[in-house]
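**Student:** Sharing my_file25.tsv here; it has TSV, C-alpha atoms.
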```tsv
chain	number	residue	atom	x	y	z
P	1	MET	CA	5.46	17.34	-22.19
P	2	LEU	CA	8.74	17.37	-20.29
P	3	LYS	CA	11.80	15.63	-21.69
P	4	ILE	CA	13.67	13.92	-18.84
P	5	LEU	CA	16.70	11.71	-18.40
P	6	ARG	CA	15.98	7.96	-18.48
P	7	ALA	CA	19.51	6.46	-18.65
P	8	LYS	CA	23.06	7.78	-18.89
P	9	PHE	CA	26.59	6.61	-19.70
P	10	HIS	CA	29.09	9.03	-18.12
P	11	GLY	CA	32.70	9.07	-19.31
P	12	ILE	CA	32.56	6.19	-21.78
P	13	ARG	CA	35.50	6.41	-24.15
P	14	VAL	CA	35.36	6.23	-27.93
P	15	THR	CA	36.96	2.97	-29.08
P	16	ALA	CA	36.63	3.55	-32.85
P	17	SER	CA	34.89	5.57	-35.52
P	18	ASP	CA	33.71	4.54	-38.96
P	19	LEU	CA	32.90	7.38	-41.34
P	20	ASN	CA	31.70	5.00	-44.07
P	21	TYR	CA	29.10	3.23	-41.95
P	22	HIS	CA	25.42	4.14	-42.41
P	23	GLY	CA	25.26	6.08	-39.16
P	24	SER	CA	24.61	5.62	-35.44
P	25	ILE	CA	26.57	4.79	-32.31
P	26	THR	CA	27.57	1.19	-31.61
P	27	LEU	CA	27.50	0.21	-27.93
P	28	ASP	CA	27.99	-2.97	-25.90
P	29	PRO	CA	24.56	-4.59	-25.40
P	30	VAL	CA	25.53	-5.85	-21.93
P	31	GLN	CA	26.23	-2.32	-20.75
P	32	CYS	CA	23.13	-1.01	-22.52
P	33	ALA	CA	20.94	-3.61	-20.80
P	34	ARG	CA	22.32	-2.59	-17.40
P	35	ALA	CA	21.31	1.03	-18.04
P	36	GLY	CA	18.16	0.27	-20.03
P	37	ILE	CA	19.31	1.68	-23.39
P	38	LEU	CA	17.59	-0.02	-26.32
P	39	PRO	CA	18.65	-0.70	-29.91
P	40	LEU	CA	17.39	1.93	-32.38
P	41	GLU	CA	16.71	4.30	-29.48
P	42	PHE	CA	17.75	7.89	-30.13
P	43	VAL	CA	20.33	9.21	-27.68
P	44	GLU	CA	22.13	12.49	-27.17
P	45	VAL	CA	25.91	12.29	-27.27
P	46	TRP	CA	28.08	14.96	-25.65
P	47	ASN	CA	31.83	14.91	-26.20
P	48	LYS	CA	33.62	16.03	-23.04
P	49	ASN	CA	36.87	16.63	-24.94
P	50	SER	CA	35.59	18.78	-27.82
P	51	GLY	CA	32.22	20.04	-26.60
P	52	GLN	CA	30.51	18.58	-29.68
P	53	ARG	CA	26.89	17.52	-29.22
P	54	LEU	CA	24.85	15.28	-31.48
P	55	THR	CA	21.83	13.04	-31.60
P	56	THR	CA	21.92	9.58	-33.14
P	57	TYR	CA	20.48	6.12	-32.62
P	58	VAL	CA	21.96	3.10	-30.87
P	59	ILE	CA	22.95	-0.17	-32.48
P	60	TYR	CA	24.40	-3.04	-30.53
P	61	GLY	CA	27.93	-4.33	-31.01
P	62	ASP	CA	29.41	-7.53	-29.64
P	63	PRO	CA	28.34	-8.44	-26.09
P	64	GLY	CA	31.15	-7.82	-23.61
P	65	SER	CA	33.19	-5.74	-26.09
P	66	ARG	CA	32.86	-2.46	-24.13
P	67	CYS	CA	32.73	-0.76	-27.51
P	68	CYS	CA	31.72	2.82	-28.23
P	69	VAL	CA	31.93	3.44	-31.97
P	70	LEU	CA	30.72	6.59	-33.70
P	71	ASN	CA	29.52	5.84	-37.22
P	72	GLY	CA	28.69	7.89	-40.30
P	73	ALA	CA	28.66	11.68	-39.91
P	74	ALA	CA	29.02	11.29	-36.12
P	75	ALA	CA	32.50	9.85	-36.72
P	76	ARG	CA	33.69	13.37	-37.56
P	77	THR	CA	32.80	14.61	-34.04
P	78	CYS	CA	35.28	12.53	-32.05
P	79	GLN	CA	38.68	10.94	-31.71
P	80	VAL	CA	39.47	7.53	-30.28
P	81	GLY	CA	39.85	7.99	-26.52
P	82	ASP	CA	37.48	10.98	-26.23
P	83	GLU	CA	35.17	10.77	-23.21
P	84	LEU	CA	31.46	10.94	-23.95
P	85	ILE	CA	28.26	11.39	-22.04
P	86	ILE	CA	25.39	9.46	-23.64
P	87	CYS	CA	21.85	10.19	-22.49
P	88	ALA	CA	18.59	8.42	-23.26
P	89	SER	CA	15.42	10.39	-22.60
P	90	GLU	CA	11.72	9.93	-22.08
P	91	TYR	CA	8.76	12.25	-21.99
P	92	VAL	CA	6.35	12.78	-19.12
P	93	ALA	CA	3.09	14.70	-19.26
P	94	ASP	CA	3.85	16.94	-16.29
P	95	ALA	CA	6.19	17.41	-13.33
P	96	ARG	CA	4.10	15.25	-11.00
P	97	GLU	CA	5.28	12.21	-12.98
P	98	LEU	CA	8.86	12.89	-11.89
P	99	ALA	CA	8.23	11.50	-8.40
P	100	GLY	CA	9.51	7.96	-8.27
P	101	LYS	CA	11.79	8.26	-11.31
P	102	SER	CA	15.28	6.85	-10.78
P	103	PRO	CA	17.34	6.72	-13.97
P	104	VAL	CA	20.49	4.60	-14.04
P	105	VAL	CA	23.82	6.37	-14.52
P	106	LEU	CA	26.80	4.18	-15.40
P	107	CYS	CA	30.22	5.77	-14.85
P	108	PHE	CA	33.15	4.46	-16.86
P	109	GLY	CA	36.89	4.14	-16.33
P	110	GLU	CA	39.80	3.12	-18.52
P	111	GLY	CA	38.93	0.31	-20.93
P	112	ASN	CA	35.25	1.26	-20.63
P	113	GLU	CA	34.71	-0.82	-17.54
P	114	VAL	CA	31.83	0.33	-15.36
P	115	THR	CA	33.38	1.84	-12.24
P	116	GLU	CA	30.20	3.03	-10.58
P	117	CYS	CA	26.46	2.61	-10.93
P	118	LEU	CA	24.35	5.49	-9.67
P	119	ARG	CA	20.64	6.23	-9.46
P	120	TYR	CA	19.26	9.73	-9.70
P	121	GLU	CA	16.22	9.65	-7.44
P	122	VAL	CA	13.39	12.17	-7.59
P	123	GLY	CA	10.65	12.41	-5.00
P	124	GLU	CA	8.28	14.90	-3.54
P	125	ALA	CA	9.89	17.21	-0.98
P	126	GLY	CA	6.72	18.93	0.10
P	127	PRO	CA	3.74	20.54	-1.58
P	128	GLY	CA	4.76	21.58	-5.07
P	129	ARG	CA	8.45	20.79	-4.51
P	130	MET	CA	10.67	18.03	-5.84
P	131	GLY	CA	13.61	16.49	-4.03
P	132	PHE	CA	16.67	15.03	-5.72
P	133	ALA	CA	19.31	12.57	-4.51
P	134	VAL	CA	22.12	10.52	-5.98
P	135	ARG	CA	22.30	6.95	-4.69
P	136	ARG	CA	25.23	4.60	-5.33
P	137	GLU	CA	24.24	1.03	-6.20
P	138	GLU	CA	26.38	-1.93	-5.26
```
When written as structure tokens, how does the structure in this file appear?
**Tutor:**
Amino acid sequence: MLKILRAKFHGIRVTASDLNYHGSITLDPVQCARAGILPLEFVEVWNKNSGQRLTTYVIYGDPGSRCCVLNGAAARTCQVGDELIICASEYVADARELAGKSPVVLCFGEGNEVTECLRYEVGEAGPGRMGFAVRREE
């Protein structure tokens, strides 16, 4: 099995942290729906400011809130304003399943507004070779 990228938030900023919550990362369900990130789904979280990496599960906050809240132990890995990369994954049986995959990548600016929506596109580039392209969506 190969673990591959399915959806990604790039540069989303931490809006709060709550050490005393049960654990997880709270995200805006509107933004999650756009990328295809589901509640209770495990995601990898990489802090661009500190280099910290962790795995936790997603819970949804208020729609339209643009929130990104680290809860429980994860709250110790960040500061408000830190930029994160959040990746959801999936497994495929072998490399041939990569052809046709096109995960959504949402890029964020100040206030956690989506500034760009990208697709990573994988396709066959010849016998036994994979091609890769980044396409900007409107």
**Student:** From the list P:Gly109, P:Gly36, P:Pro63, P:Gly51, which residue is nearest P:Glu90 when using all atoms listed in the file?
**Tutor:**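 The closest residue to P:Glu90 is P:Gly36.
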**Student:** From the options P:Asp28, P:Glu41, P:Asp94, P:Glu124, which residue's atoms come nearest to P:Asn112, counting all atoms listed in the file?
**Tutor:**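 Residue with the minimum atom-to-atom distance to P:Asn112: P:Asp28.
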**Student:** Provide the atom CA of P:Ala95 to atom CA of P:Gly123 distance in Å, to one decimal place.
**Tutor:**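 So the answer is 10.7 Å.
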**Student:** Just to confirm, what's the straight-line distance from atom CA of P:Leu38 to atom CA of P:Val58 in Å (one decimal)?
**Tutor:**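 We find that atom CA of P:Leu38 and atom CA of P:Val58 lie 7.0 Å from each other.
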**Student:** Which distance in Å separates atom CA of P:Cys68 and atom CA of P:Ala16, to one decimal?
**Tutor:**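 Pair atom CA of P:Cys68 / atom CA of P:Ala16 returns 6.8 Å.
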**Student:** Between P:Ala73, P:Asn49, P:Lys3, P:Asp62, which one has atoms that come closest to P:His22, using only C-alpha atoms?
**Tutor:**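 Nearest candidate to P:His22 out of P:Ala73, P:Asn49, P:Lys3, P:Asp62: P:Ala73.
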**Student:** Using all atoms listed in the file, which residue out of P:Val80, P:Ile86, P:Leu118, P:Val30 lies closest to P:Phe42?
**Tutor:** P:Ile86
**Student:** Which polymer residues, protein or nucleic acid, are no farther than 10 Å from (21.3, 6.5, -4.5), counting only C-alpha atoms, as a PyMOL selection string?
**Tutor:** chain P and resi 102+104+117-121+132-138
**Student:** Using all atoms listed in the file, which residue out of P:Thr56, P:Ser89, P:Ser65, P:Asn71 lies closest to P:Gln31?
**Tutor:**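 Of P:Thr56, P:Ser89, P:Ser65, P:Asn71, the one nearest P:Gln31, counting all atoms listed in the file, is P:Ser65.
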**Student:** Taking into account all atoms listed in the file, which residue in the set P:Ala93, P:Ile85, P:Val114, P:Ile59 is nearest to P:Trp46?
**Tutor:**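 Using all atoms listed in the file, the shortest distance to P:Trp46 belongs to P:Ile85.
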**Student:** Got a sec to check which residues sit within 8 Å of (35.9, 1.5, -33.2), counting only C-alpha atoms, and write them as a count of residues only?
**Tutor:** 10
**Student:** Would you list the contacts of P:Gln52 as a ChimeraX atom specification, taking every protein, DNA or RNA residue within 12 Å and counting all atoms listed in the file, but skipping same-chain residues closer than 2 positions in sequence?
**Tutor:** /P:44-50,54-55,74-79,82-85
**Student:** Can you tell me, as a tab-separated table (two decimals) with C-alpha atoms, in the frame of the given file, what residues are no more than 9 Å from P:Phe108 when counting all atoms listed in the file, ignoring any on the same chain fewer than 4 positions away?
**Tutor:**
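As a result, selection_3.tsv now contains:
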```tsv
chain	number	residue	atom	x	y	z
P	9	PHE	CA	26.59	6.61	-19.70
P	10	HIS	CA	29.09	9.03	-18.12
P	11	GLY	CA	32.70	9.07	-19.31
P	12	ILE	CA	32.56	6.19	-21.78
P	13	ARG	CA	35.50	6.41	-24.15
P	112	ASN	CA	35.25	1.26	-20.63
P	113	GLU	CA	34.71	-0.82	-17.54
P	114	VAL	CA	31.83	0.33	-15.36
P	115	THR	CA	33.38	1.84	-12.24
P	116	GLU	CA	30.20	3.03	-10.58
```
**Student:** Build an axis-aligned box that encloses every atom of stretch 17-31 of chain P listed in the file, pad it by 5 Å on each side, and report its centre and edge lengths in Å to one decimal, as lines of an AutoDock Vina configuration file.
**Tutor:**
```
center_x = 29.7
center_y = 0.8
center_z = -32.4
size_x = 20.3
size_y = 23.2
size_z = 33.3
```
